[in-house]
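Pasted below: my_file-v6.txt, compact mmCIF, C-alpha atoms and all ligand atoms.
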# COMPACT_ATOMS: atom_id res chain seq x y z
CA MET A 1 -14.61 -22.21 -0.90
CA LEU A 2 -11.24 -20.52 -1.34
CA PRO A 3 -10.59 -16.87 -0.46
CA GLY A 4 -10.06 -16.44 -4.21
CA PRO A 5 -10.19 -17.43 -6.92
CA THR A 6 -13.83 -18.23 -6.25
CA ASN A 7 -16.37 -20.31 -8.19
CA VAL A 8 -17.17 -18.88 -11.61
CA PRO A 9 -20.66 -19.42 -13.08
CA GLU A 10 -20.89 -21.41 -16.33
CA ARG A 11 -22.36 -18.38 -18.05
CA VAL A 12 -19.20 -16.43 -17.31
CA MET A 13 -16.90 -19.25 -18.44
CA ARG A 14 -18.84 -19.62 -21.69
CA ALA A 15 -18.53 -15.90 -22.41
CA MET A 16 -14.81 -16.47 -23.03
CA MET A 17 -15.49 -18.92 -25.89
CA THR A 18 -15.49 -16.31 -28.58
CA HIS A 19 -13.22 -14.90 -31.28
CA ILE A 20 -10.27 -12.83 -30.30
CA ILE A 21 -11.31 -9.44 -31.63
CA ASN A 22 -9.23 -6.47 -32.72
CA HIS A 23 -8.77 -4.27 -29.67
CA ARG A 24 -8.79 -1.24 -31.97
CA SER A 25 -12.27 -1.97 -33.37
CA ASP A 26 -15.88 -0.99 -32.76
CA ASP A 27 -16.47 -4.45 -31.27
CA PHE A 28 -13.94 -3.64 -28.61
CA VAL A 29 -15.47 -0.23 -27.94
CA GLU A 30 -18.82 -1.92 -27.34
CA LEU A 31 -17.28 -4.50 -25.00
CA TYR A 32 -15.12 -2.06 -23.04
CA THR A 33 -17.69 0.70 -22.62
CA GLU A 34 -20.14 -1.81 -21.18
CA VAL A 35 -17.40 -3.09 -18.86
CA ILE A 36 -16.67 0.45 -17.67
CA GLU A 37 -20.31 1.48 -17.21
CA LYS A 38 -21.18 -1.66 -15.29
CA THR A 39 -18.05 -1.43 -13.16
CA GLN A 40 -19.09 2.11 -12.24
CA GLN A 41 -22.48 0.79 -11.17
CA VAL A 42 -20.91 -1.92 -9.00
CA PHE A 43 -18.48 0.59 -7.45
CA GLN A 44 -21.38 3.06 -7.12
CA THR A 45 -19.34 5.80 -8.73
CA GLN A 46 -19.54 8.23 -11.61
CA SER A 47 -15.80 8.72 -11.59
CA ASP A 48 -13.34 7.26 -14.07
CA VAL A 49 -12.80 3.55 -13.89
CA VAL A 50 -10.06 1.47 -15.50
CA ALA A 51 -10.24 -2.30 -15.92
CA LEU A 52 -6.57 -3.29 -15.84
CA SER A 53 -5.44 -6.58 -17.32
CA SER A 54 -3.61 -7.80 -14.24
CA SER A 55 -4.24 -9.51 -10.96
CA GLY A 56 -5.35 -7.41 -7.98
CA THR A 57 -1.77 -6.48 -7.11
CA GLY A 58 -1.59 -4.56 -10.39
CA ALA A 59 -4.38 -2.21 -9.34
CA VAL A 60 -2.94 -1.90 -5.85
CA GLU A 61 0.47 -1.01 -7.29
CA ALA A 62 -1.15 1.44 -9.73
CA SER A 63 -2.83 3.20 -6.81
CA VAL A 64 0.58 3.68 -5.21
CA VAL A 65 2.81 4.62 -8.15
CA ASN A 66 0.28 7.14 -9.50
CA LEU A 67 -0.32 8.97 -6.21
CA ILE A 68 2.74 8.71 -4.00
CA LYS A 69 6.04 10.54 -4.45
CA THR A 70 9.27 10.66 -2.43
CA GLY A 71 8.76 12.32 0.93
CA ASP A 72 4.96 12.12 0.96
CA LYS A 73 3.38 11.22 4.26
CA VAL A 74 0.97 8.28 4.20
CA ILE A 75 -1.10 6.75 7.02
CA ILE A 76 -1.93 3.06 6.76
CA PRO A 77 -3.27 0.49 9.23
CA VAL A 78 -1.18 -2.71 9.08
CA ASN A 79 -2.31 -6.04 10.52
CA GLY A 80 -1.60 -8.78 8.00
CA GLU A 81 -0.01 -9.87 4.75
CA PHE A 82 -1.87 -7.60 2.34
CA SER A 83 -1.66 -4.44 4.42
CA SER A 84 2.06 -5.18 4.95
CA ARG A 85 2.59 -5.56 1.21
CA LEU A 86 0.74 -2.34 0.54
CA SER A 87 2.75 -0.41 3.11
CA GLN A 88 5.92 -1.92 1.60
CA MET A 89 4.95 -0.65 -1.87
CA ILE A 90 4.33 2.81 -0.43
CA GLU A 91 7.74 2.75 1.29
CA TRP A 92 9.39 1.74 -1.97
CA GLN A 93 8.04 4.98 -3.44
CA GLY A 94 10.14 6.83 -0.87
CA ALA A 95 7.17 7.86 1.25
CA ASN A 96 7.20 8.56 4.95
CA VAL A 97 4.82 5.85 6.18
CA VAL A 98 2.89 6.18 9.43
CA LYS A 99 1.93 2.58 10.17
CA LEU A 100 -0.89 1.87 12.59
CA GLU A 101 0.14 -1.63 13.55
CA THR A 102 -2.21 -3.95 15.40
CA PRO A 103 -1.96 -7.68 16.08
CA PRO A 104 -3.30 -9.97 13.32
CA GLY A 105 -7.03 -10.53 13.75
CA GLN A 106 -7.57 -7.06 15.16
CA ASN A 107 -8.08 -3.74 13.38
CA ALA A 108 -6.84 -0.30 14.33
CA THR A 109 -9.85 1.46 15.85
CA PHE A 110 -11.41 4.54 14.28
CA ASP A 111 -10.09 6.58 17.22
CA GLN A 112 -6.55 5.39 16.50
CA VAL A 113 -6.94 6.45 12.88
CA LYS A 114 -8.34 9.80 13.97
CA GLU A 115 -5.43 10.32 16.34
CA ALA A 116 -2.98 9.57 13.51
CA PHE A 117 -4.70 12.23 11.41
CA ASP A 118 -4.57 14.69 14.32
CA ASN A 119 -0.85 14.04 14.78
CA ASN A 120 0.01 14.20 11.09
CA LYS A 121 -1.66 17.25 9.63
CA ASP A 122 0.58 17.07 6.56
CA VAL A 123 -0.67 13.62 5.54
CA LYS A 124 -0.91 13.18 1.76
CA ALA A 125 -2.96 9.98 1.69
CA PHE A 126 -4.73 7.42 3.83
CA TYR A 127 -4.45 3.87 2.49
CA VAL A 128 -6.51 1.06 3.94
CA VAL A 129 -7.05 -2.61 3.20
CA HIS A 130 -10.81 -2.99 3.52
CA ASN A 131 -10.68 -6.72 4.13
CA GLU A 132 -7.43 -8.33 5.34
CA THR A 133 -7.63 -11.65 3.52
CA SER A 134 -4.75 -13.23 5.43
CA THR A 135 -6.51 -13.03 8.80
CA GLY A 136 -10.23 -12.57 8.10
CA THR A 137 -10.67 -9.04 9.42
CA MET A 138 -12.75 -6.28 7.87
CA VAL A 139 -12.74 -2.53 8.55
CA ASN A 140 -16.19 -1.29 9.56
CA TYR A 141 -15.68 2.48 9.64
CA LEU A 142 -14.84 3.33 6.03
CA ASP A 143 -17.90 5.60 5.92
CA LYS A 144 -16.42 7.75 8.73
CA ILE A 145 -13.08 8.37 7.05
CA PRO A 146 -14.28 11.25 4.78
CA ASP A 147 -14.53 13.56 7.83
CA LEU A 148 -10.85 13.02 8.54
CA ILE A 149 -9.87 13.26 4.90
CA SER A 150 -11.63 16.57 4.39
CA ARG A 151 -9.87 18.15 7.38
CA ASN A 152 -6.45 17.23 6.01
CA ASP A 153 -7.32 17.31 2.32
CA ALA A 154 -5.70 13.88 1.93
CA PHE A 155 -6.40 11.23 -0.68
CA TYR A 156 -8.48 8.26 0.46
CA VAL A 157 -7.45 4.93 -1.05
CA VAL A 158 -9.17 1.59 -0.40
CA ASP A 159 -7.85 -1.86 -1.34
CA SER A 160 -11.12 -3.73 -1.51
CA VAL A 161 -9.71 -6.68 -3.45
CA SER A 162 -11.29 -9.42 -1.39
CA ILE A 163 -14.67 -7.89 -0.62
CA LEU A 164 -15.97 -5.38 -3.20
CA GLY A 165 -19.23 -6.73 -4.57
CA GLY A 166 -19.95 -8.58 -1.31
CA ILE A 167 -20.60 -5.63 0.97
CA GLU A 168 -21.73 -2.02 0.74
CA LEU A 169 -18.93 0.26 -0.51
CA PRO A 170 -20.48 3.29 -2.21
CA VAL A 171 -17.33 4.89 -3.57
CA ASP A 172 -18.81 8.34 -4.34
CA LYS A 173 -20.92 8.60 -1.20
CA TRP A 174 -17.93 7.76 0.98
CA ASN A 175 -15.59 10.05 -1.01
CA VAL A 176 -13.12 7.29 -1.80
CA ASP A 177 -10.54 8.73 -4.20
CA VAL A 178 -9.09 5.46 -5.41
CA CYS A 179 -10.67 2.06 -4.94
CA MET A 180 -9.46 -1.21 -6.37
CA THR A 181 -10.51 -4.82 -6.49
CA GLY A 182 -9.83 -8.10 -8.29
CA SER A 183 -12.10 -10.02 -10.65
CA GLN A 184 -11.53 -13.37 -8.94
CA LYS A 185 -13.05 -12.64 -5.54
CA ALA A 186 -16.56 -11.39 -4.73
CA LEU A 187 -17.19 -10.49 -8.38
CA ALA A 188 -17.02 -14.21 -9.29
CA ALA A 189 -15.07 -13.83 -12.53
CA PRO A 190 -11.80 -15.54 -13.49
CA PRO A 191 -8.59 -13.94 -12.20
CA GLY A 192 -6.82 -11.42 -14.41
CA ILE A 193 -8.86 -8.21 -14.44
CA SER A 194 -8.36 -5.62 -11.73
CA PRO A 195 -10.76 -2.68 -11.78
CA ILE A 196 -9.78 0.61 -10.20
CA SER A 197 -11.82 3.80 -9.73
CA ILE A 198 -10.26 7.26 -9.61
CA SER A 199 -12.02 10.40 -8.31
CA PRO A 200 -11.79 13.63 -10.34
CA ARG A 201 -9.29 15.21 -7.94
CA ALA A 202 -7.08 12.09 -7.89
CA LYS A 203 -7.32 11.98 -11.69
CA LYS A 204 -6.22 15.61 -11.94
CA TYR A 205 -3.25 14.90 -9.70
CA MET A 206 -2.26 11.81 -11.72
CA ILE A 207 -2.42 13.69 -15.03
CA GLU A 208 -0.38 16.58 -13.68
CA ASN A 209 2.16 14.31 -11.95
CA PRO A 210 2.50 11.18 -14.10
CA PRO A 211 4.73 8.40 -12.73
CA PRO A 212 7.83 7.19 -14.59
CA THR A 213 6.12 3.90 -15.47
CA MET A 214 4.47 2.64 -18.64
CA TYR A 215 2.01 -0.18 -17.93
CA PHE A 216 0.41 1.23 -14.79
CA ASN A 217 0.48 4.88 -15.84
CA LEU A 218 -3.20 5.67 -15.29
CA ALA A 219 -3.04 9.02 -17.12
CA ARG A 220 -2.43 7.02 -20.29
CA TYR A 221 -5.58 4.96 -19.66
CA PHE A 222 -7.66 8.14 -19.17
CA LYS A 223 -6.32 9.60 -22.41
CA TYR A 224 -7.02 6.49 -24.48
CA TYR A 225 -10.50 6.09 -23.05
CA GLU A 226 -11.39 9.72 -23.63
CA GLU A 227 -10.06 9.75 -27.17
CA SER A 228 -11.25 6.39 -28.47
CA LYS A 229 -12.73 4.22 -25.67
CA HIS A 230 -9.65 2.03 -26.06
CA THR A 231 -7.01 0.84 -23.60
CA PRO A 232 -3.39 1.88 -24.17
CA PHE A 233 -2.11 -1.70 -24.29
CA THR A 234 -3.49 -5.01 -25.57
CA PRO A 235 -6.05 -6.10 -22.98
CA ALA A 236 -6.77 -9.70 -21.88
CA LEU A 237 -9.76 -9.94 -24.22
CA PRO A 238 -11.25 -13.30 -23.15
CA LEU A 239 -11.09 -12.17 -19.54
CA LEU A 240 -12.88 -8.95 -20.38
CA TYR A 241 -15.71 -10.96 -21.94
CA ALA A 242 -15.90 -13.07 -18.81
CA TYR A 243 -15.74 -10.06 -16.53
CA ARG A 244 -18.53 -8.30 -18.48
CA GLU A 245 -20.75 -11.36 -18.05
CA ALA A 246 -19.95 -11.47 -14.33
CA LEU A 247 -20.94 -7.78 -14.04
CA ARG A 248 -24.22 -8.47 -15.84
CA ILE A 249 -24.99 -11.24 -13.35
CA ILE A 250 -24.18 -8.98 -10.39
CA LEU A 251 -26.49 -6.24 -11.63
CA GLU A 252 -29.26 -8.71 -12.50
CA GLU A 253 -29.15 -9.93 -8.91
CA GLY A 254 -28.95 -6.36 -7.60
CA LEU A 255 -26.34 -5.02 -5.20
CA GLU A 256 -28.63 -5.00 -2.16
CA ALA A 257 -29.63 -8.63 -2.66
CA ARG A 258 -26.04 -9.62 -3.24
CA PHE A 259 -24.80 -7.93 -0.07
CA LYS A 260 -27.60 -9.56 1.91
CA ARG A 261 -26.76 -13.02 0.54
CA HIS A 262 -23.10 -12.59 1.49
CA LYS A 263 -24.00 -11.51 5.02
CA ILE A 264 -26.46 -14.32 5.60
CA CYS A 265 -24.10 -17.01 4.26
CA SER A 266 -21.31 -15.61 6.38
CA ASP A 267 -23.43 -15.59 9.56
CA ALA A 268 -24.48 -19.17 8.81
CA LEU A 269 -20.89 -20.35 8.32
CA TYR A 270 -19.66 -18.69 11.52
CA ALA A 271 -22.59 -20.05 13.52
CA GLY A 272 -22.51 -23.59 12.09
CA LEU A 273 -18.74 -24.00 12.38
CA SER A 274 -18.65 -22.49 15.86
CA SER A 275 -21.25 -24.99 16.97
CA ILE A 276 -19.01 -27.90 15.92
CA GLY A 277 -16.11 -26.53 17.95
CA PHE A 278 -14.20 -23.94 15.93
CA THR A 279 -13.45 -20.42 17.12
CA PRO A 280 -13.00 -17.53 14.67
CA PHE A 281 -9.49 -16.10 14.57
CA ALA A 282 -10.54 -12.45 14.31
CA LYS A 283 -11.92 -10.32 17.12
CA GLU A 284 -15.73 -10.38 16.96
CA GLU A 285 -16.24 -6.73 15.95
CA ASP A 286 -13.55 -6.95 13.26
CA ARG A 287 -14.68 -10.20 11.63
CA SER A 288 -14.86 -10.31 7.87
CA ILE A 289 -17.96 -11.48 6.10
CA THR A 290 -16.11 -12.79 3.04
CA ILE A 291 -13.15 -14.54 4.71
CA ILE A 292 -13.97 -16.86 7.56
CA ALA A 293 -10.65 -17.51 9.35
CA LEU A 294 -10.90 -20.21 12.02
CA ASN A 295 -8.43 -21.46 14.61
CA TYR A 296 -7.47 -25.10 14.20
CA LEU A 297 -8.58 -27.40 16.99
CA GLU A 298 -5.77 -28.69 19.21
CA GLY A 299 -3.71 -31.22 17.23
CA LEU A 300 -5.72 -30.93 14.02
CA GLU A 301 -3.09 -31.09 11.30
CA ASP A 302 -3.48 -28.51 8.52
CA LYS A 303 -2.36 -30.55 5.49
CA THR A 304 -4.24 -33.72 6.44
CA PHE A 305 -7.39 -31.75 7.24
CA ARG A 306 -7.41 -29.75 4.01
CA ASN A 307 -6.37 -32.73 1.85
CA THR A 308 -9.15 -34.88 3.31
CA LEU A 309 -11.67 -32.11 2.71
CA ALA A 310 -10.49 -31.71 -0.86
CA GLN A 311 -10.12 -35.37 -1.78
CA LYS A 312 -13.12 -36.89 0.00
CA PHE A 313 -15.56 -34.00 -0.30
CA ARG A 314 -14.23 -31.76 -3.07
CA VAL A 315 -14.35 -28.77 -0.75
CA LEU A 316 -11.30 -26.49 -1.04
CA VAL A 317 -10.33 -24.18 1.79
CA ALA A 318 -7.07 -22.26 2.31
CA GLY A 319 -4.46 -22.48 5.05
CA GLY A 320 -2.93 -19.63 7.02
CA PHE A 321 -0.28 -17.15 5.88
CA GLY A 322 3.23 -16.83 7.40
CA ASN A 323 3.14 -17.29 11.19
CA LEU A 324 -0.46 -18.44 10.98
CA LYS A 325 0.43 -21.48 8.85
CA GLY A 326 -0.93 -24.57 10.60
CA LYS A 327 -2.76 -22.39 13.12
CA VAL A 328 -5.76 -21.22 11.10
CA PHE A 329 -7.64 -22.14 7.95
CA ARG A 330 -9.65 -19.76 5.81
CA ILE A 331 -12.94 -20.18 4.00
CA GLY A 332 -13.97 -17.85 1.21
CA CYS A 333 -17.59 -16.77 1.49
CA MET A 334 -18.00 -14.73 -1.64
CA GLY A 335 -19.11 -14.40 -5.20
CA GLU A 336 -21.50 -17.24 -5.96
CA VAL A 337 -21.75 -18.40 -2.35
CA ASN A 338 -25.21 -19.65 -1.47
CA ARG A 339 -27.18 -22.00 0.79
CA TYR A 340 -25.77 -25.05 -0.98
CA HIS A 341 -22.13 -24.05 -0.40
CA VAL A 342 -22.72 -23.24 3.25
CA MET A 343 -24.48 -26.50 4.08
CA ARG A 344 -22.07 -28.62 2.10
CA THR A 345 -19.01 -26.96 3.64
CA ILE A 346 -20.23 -27.40 7.21
CA SER A 347 -21.19 -30.99 6.55
CA ALA A 348 -17.86 -31.80 4.85
CA ILE A 349 -15.81 -30.14 7.60
CA SER A 350 -17.73 -31.95 10.29
CA SER A 351 -17.35 -35.32 8.51
CA THR A 352 -13.62 -34.67 8.08
CA LEU A 353 -13.32 -33.96 11.80
CA ALA A 354 -15.04 -37.27 12.56
CA MET A 355 -12.74 -39.12 10.13
CA MET A 356 -9.74 -37.61 11.91
CA GLY A 357 -11.00 -38.82 15.28
CA TYR A 358 -12.58 -35.63 16.62
CA LYS A 359 -15.95 -35.46 18.30
CA THR A 360 -18.42 -33.41 16.31
CA ASN A 361 -22.15 -32.95 15.82
CA THR A 362 -22.95 -32.51 12.14
CA GLN A 363 -26.70 -32.34 12.66
CA GLU A 364 -26.36 -29.54 15.17
CA GLY A 365 -24.00 -27.55 12.91
CA LEU A 366 -26.35 -27.88 9.95
CA LYS A 367 -29.43 -27.03 12.00
CA ILE A 368 -27.91 -23.82 13.34
CA ALA A 369 -26.72 -22.80 9.87
CA GLU A 370 -30.13 -23.58 8.37
CA GLU A 371 -31.78 -21.24 10.86
CA LYS A 372 -29.44 -18.43 9.81
CA LEU A 373 -30.14 -19.16 6.17
CA GLU A 374 -33.90 -18.82 6.59
CA ASP A 375 -34.01 -15.26 5.19
CA LEU A 376 -32.15 -16.10 2.03
C1 LIG A 401 -6.70 -7.54 0.20
C2 LIG A 401 -5.90 -8.03 -0.97
N1 LIG A 401 -5.15 -7.16 -1.64
C3 LIG A 401 -4.42 -7.54 -2.70
C4 LIG A 401 -4.43 -8.84 -3.15
C5 LIG A 401 -3.61 -9.22 -4.32
O1 LIG A 401 -4.40 -9.73 -5.33
P1 LIG A 401 -3.81 -10.71 -6.45
O2 LIG A 401 -3.38 -11.96 -5.77
O3 LIG A 401 -4.99 -10.88 -7.36
O4 LIG A 401 -2.69 -10.00 -7.10
C6 LIG A 401 -5.19 -9.78 -2.48
C7 LIG A 401 -5.22 -11.19 -2.89
O5 LIG A 401 -5.73 -12.06 -2.25
C8 LIG A 401 -5.96 -9.36 -1.36
O6 LIG A 401 -6.72 -10.23 -0.70

Once you've parsed the file, please lay out its structure as structure tokens.
Amino acid sequence: MLPGPTNVPERVMRAMMTHIINHRSDDFVELYTEVIEKTQQVFQTQSDVVALSSSGTGAVEASVVNLIKTGDKVIIPVNGEFSSRLSQMIEWQGANVVKLETPPGQNATFDQVKEAFDNNKDVKAFYVVHNETSTGTMVNYLDKIPDLISRNDAFYVVDSVSILGGIELPVDKWNVDVCMTGSQKALAAPPGISPISISPRAKKYMIENPPPTMYFNLARYFKYYEESKHTPFTPALPLLYAYREALRIILEEGLEARFKRHKICSDALYAGLSSIGFTPFAKEEDRSITIIALNYLEGLEDKTFRNTLAQKFRVLVAGGFGNLKGKVFRIGCMGEVNRYHVMRTISAISSTLAMMGYKTNTQEGLKIAEEKLEDL
């Protein structure tokens, strides 16, 4: 139940048990074209897609180095570790960064974003972390951003590393120019592949203004794909096999069904864990569906709590980041998450509380969760 890497189905793990093929062969073309086509379906885009052999940070960095130049103005909401890192990368490019800072657990409102656009007509790009994994917040107005973008003709870039595949994010419909994610989160594949989509106008810009980098130079990926359906560099072949299998599973389930399952499991976890005494860290309207961040109960010690959960119940959850260490813990609700994981997690957490001397009501927590799970 980590916020990534998440559980990987056996079918996906087995897909890696195959020969290492020549990445300049027809076998590779077959593998990679299926990967690209299915990634486009999951991103709901007809634009170019690249499946980078790297962790999510690779795709995030690629989105920055290929679009941002010295002196460019960029607007970005910042309220946690991943949005801070992203804004740092943008600053390192020499950009003029307009940060919309809000306290952790709380998002900048749409009106604040709109005001930033109004006050910065020369903005080159709007970057946003869809789901702030460090604090369990999620931005709910991504569909409204295109209005602002079109007025200023800015690029729209979404880091959806910890949520794409778990919630609606139709890249073309919402005019997202660059969108990136990581294989190890809601896509339920092993870590190591980071897909990124690039709209035609962002692609044009990247080709005309290539960055002085080699590995993350996206123009090179476009060229190789167009010419031969290859990647410019040796890809992580076993991971591509795994990722392809994970994509097949996602599309067999269907995006709608998958989004619904994530939402229901998330509602059940929030409700069940609230009923045994926890309060969510994030403001109600900003709460993430894939990362359930909960405040620790008074005196409940982080290490002992998580070690007991792991050792006695084999349930893994994550602690807090930076200042939130020891104050919150985080549960990943994504990828393969289902009724079984929800019920087992609530039961294990409640039993751990009891073992550590806290009053709890396991039956009540499970009953409330079960009610929420009815529609699954
Ligand atoms: C929102 C977000 N962006 C970027 C990353 C970086 O991904 P990775 O650790 O795969 O490099 C993460 C990782 O958790 C994330 O949650």

Task: Counting only C-alpha atoms, the residue of A:Leu67, A:His130, A:Ser84, A:Gly335 that sits nearest Lys263 of chain A - done: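 Using only C-alpha atoms, the shortest distance to Lys263 of chain A belongs to A:Gly335.
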
Task: Selection as a list in words: residues within 7 Å of ligand LIG 401 (chain A) by all atoms listed in the file - done: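 What falls inside 7 Å of ligand LIG 401 (chain A) is Gly4, Ser55, Gly56, Thr57, Gly58, Val60, Phe82, Val129, His130, Asn131, Glu132, Thr133, Asp159, Ser160, Val161, Ser162, Gly182 and Pro191 of chain A.
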
Open item on the list: Given only C-alpha atoms as the basis, pick out the residue of A:Ala51, A:Ile276, A:Val78, A:Ile349 nearest to Lys312 of chain A.
Closed with: A:Ile349

- [ ] Rank nothing, just name the residue among A:Ser228, A:Ile145, A:Ala348, A:Gly136 nearest to Leu294 of chain A, using only C-alpha atoms.
- [x]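 Going through A:Ser228, A:Ile145, A:Ala348, A:Gly136 one by one, the smallest distance to Leu294 of chain A is for A:Gly136.
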
TODO: Please determine the residues with any atom at most 12 Å from (0.3, -3.8, 7.4) (coordinates as given in the file, with all atoms listed in the file counting) and report them as a count of residues only.
DONE: 38

- [ ] Mind giving me the straight-line distance from atom CA of Glu245 of chain A to atom CA of Ala15 of chain A in Å, one decimal?
- [x]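 Distance between the two atoms: 6.7 Å.
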
Val176 of chain A environment, 8 Å, only C-alpha atoms, sequence neighbours closer than 5 positions dropped, as a JSON list (two decimals) with C-alpha atoms, in the frame of the given file:
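New file out_29.json:
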[["chain", "number", "residue", "atom", "x", "y", "z"],
["A", 146, "PRO", "CA", -14.28, 11.25, 4.78],
["A", 155, "PHE", "CA", -6.40, 11.23, -0.68],
["A", 156, "TYR", "CA", -8.48, 8.26, 0.46],
["A", 157, "VAL", "CA", -7.45, 4.93, -1.05],
["A", 158, "VAL", "CA", -9.17, 1.59, -0.40],
["A", 171, "VAL", "CA", -17.33, 4.89, -3.57],
["A", 199, "SER", "CA", -12.02, 10.40, -8.31]]

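The nearest approach to Thr39 of chain A among the residues A:Lys327, A:Arg244, A:Lys359, A:His19, with all atoms listed in the file taken into account, belongs to A:Arg244.
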
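Considering only C-alpha atoms, the residue among A:Ser350, A:Gln311, A:Ser266, A:Ser275 positioned nearest to Lys372 of chain A is A:Ser266.
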
Open item on the list: Can you measure atom CA of Phe259 of chain A to atom CA of Leu164 of chain A for me? One decimal in Å is fine.
Closed with: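 Those two atoms sit 9.7 Å apart.
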
Open item on the list: Quick check, in Å to one decimal: how far apart do atom CA of Val65 of chain A and atom CA of Glu34 of chain A lie?
Closed with: 27.2 Å

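For the set A:Leu376, A:Gly165, A:Ser25, A:Pro9, the residue with the smallest atom-to-atom gap to Leu255 of chain A is A:Gly165, counting all atoms listed in the file.
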
Saved segment 202-214 of chain A from the preceding structure, N, CA and C atoms, as a PDB file, in the first residue's frame:
ATOM      1  N   ALA A 202       3.863  21.828 -28.917  1.00  0.00           N
ATOM      2  CA  ALA A 202       5.036  21.680 -28.046  1.00  0.00           C
ATOM      3  C   ALA A 202       6.138  20.933 -28.811  1.00  0.00           C
ATOM      4  N   LYS A 203       5.725  19.959 -29.609  1.00  0.00           N
ATOM      5  CA  LYS A 203       6.700  19.194 -30.408  1.00  0.00           C
ATOM      6  C   LYS A 203       7.439  20.132 -31.378  1.00  0.00           C
ATOM      7  N   LYS A 204       6.657  20.989 -32.035  1.00  0.00           N
ATOM      8  CA  LYS A 204       7.254  21.922 -32.998  1.00  0.00           C
ATOM      9  C   LYS A 204       8.299  22.795 -32.287  1.00  0.00           C
ATOM     10  N   TYR A 205       7.901  23.294 -31.121  1.00  0.00           N
ATOM     11  CA  TYR A 205       8.829  24.148 -30.367  1.00  0.00           C
ATOM     12  C   TYR A 205      10.112  23.381 -30.018  1.00  0.00           C
ATOM     13  N   MET A 206       9.931  22.125 -29.574  1.00  0.00           N
ATOM     14  CA  MET A 206      11.097  21.339 -29.125  1.00  0.00           C
ATOM     15  C   MET A 206      12.046  21.029 -30.287  1.00  0.00           C
ATOM     16  N   ILE A 207      11.466  20.800 -31.460  1.00  0.00           N
ATOM     17  CA  ILE A 207      12.308  20.499 -32.630  1.00  0.00           C
ATOM     18  C   ILE A 207      13.058  21.755 -33.072  1.00  0.00           C
ATOM     19  N   GLU A 208      12.356  22.887 -32.998  1.00  0.00           N
ATOM     20  CA  GLU A 208      13.000  24.140 -33.446  1.00  0.00           C
ATOM     21  C   GLU A 208      13.983  24.699 -32.420  1.00  0.00           C
ATOM     22  N   ASN A 209      13.817  24.297 -31.157  1.00  0.00           N
ATOM     23  CA  ASN A 209      14.672  24.830 -30.079  1.00  0.00           C
ATOM     24  C   ASN A 209      15.226  23.688 -29.227  1.00  0.00           C
ATOM     25  N   PRO A 210      16.006  22.803 -29.801  1.00  0.00           N
ATOM     26  CA  PRO A 210      16.447  21.626 -29.035  1.00  0.00           C
ATOM     27  C   PRO A 210      17.363  22.009 -27.873  1.00  0.00           C
ATOM     28  N   PRO A 211      17.265  21.301 -26.757  1.00  0.00           N
ATOM     29  CA  PRO A 211      18.095  21.642 -25.592  1.00  0.00           C
ATOM     30  C   PRO A 211      19.507  21.056 -25.749  1.00  0.00           C
ATOM     31  N   PRO A 212      20.481  21.652 -25.051  1.00  0.00           N
ATOM     32  CA  PRO A 212      21.849  21.115 -25.138  1.00  0.00           C
ATOM     33  C   PRO A 212      22.018  19.890 -24.238  1.00  0.00           C
ATOM     34  N   THR A 213      21.182  18.892 -24.452  1.00  0.00           N
ATOM     35  CA  THR A 213      21.266  17.649 -23.663  1.00  0.00           C
ATOM     36  C   THR A 213      21.181  16.489 -24.646  1.00  0.00           C
ATOM     37  N   MET A 214      21.608  15.333 -24.228  1.00  0.00           N
ATOM     38  CA  MET A 214      21.569  14.165 -25.105  1.00  0.00           C
ATOM     39  C   MET A 214      20.409  13.238 -24.725  1.00  0.00           C
TER      40      MET A 214
END
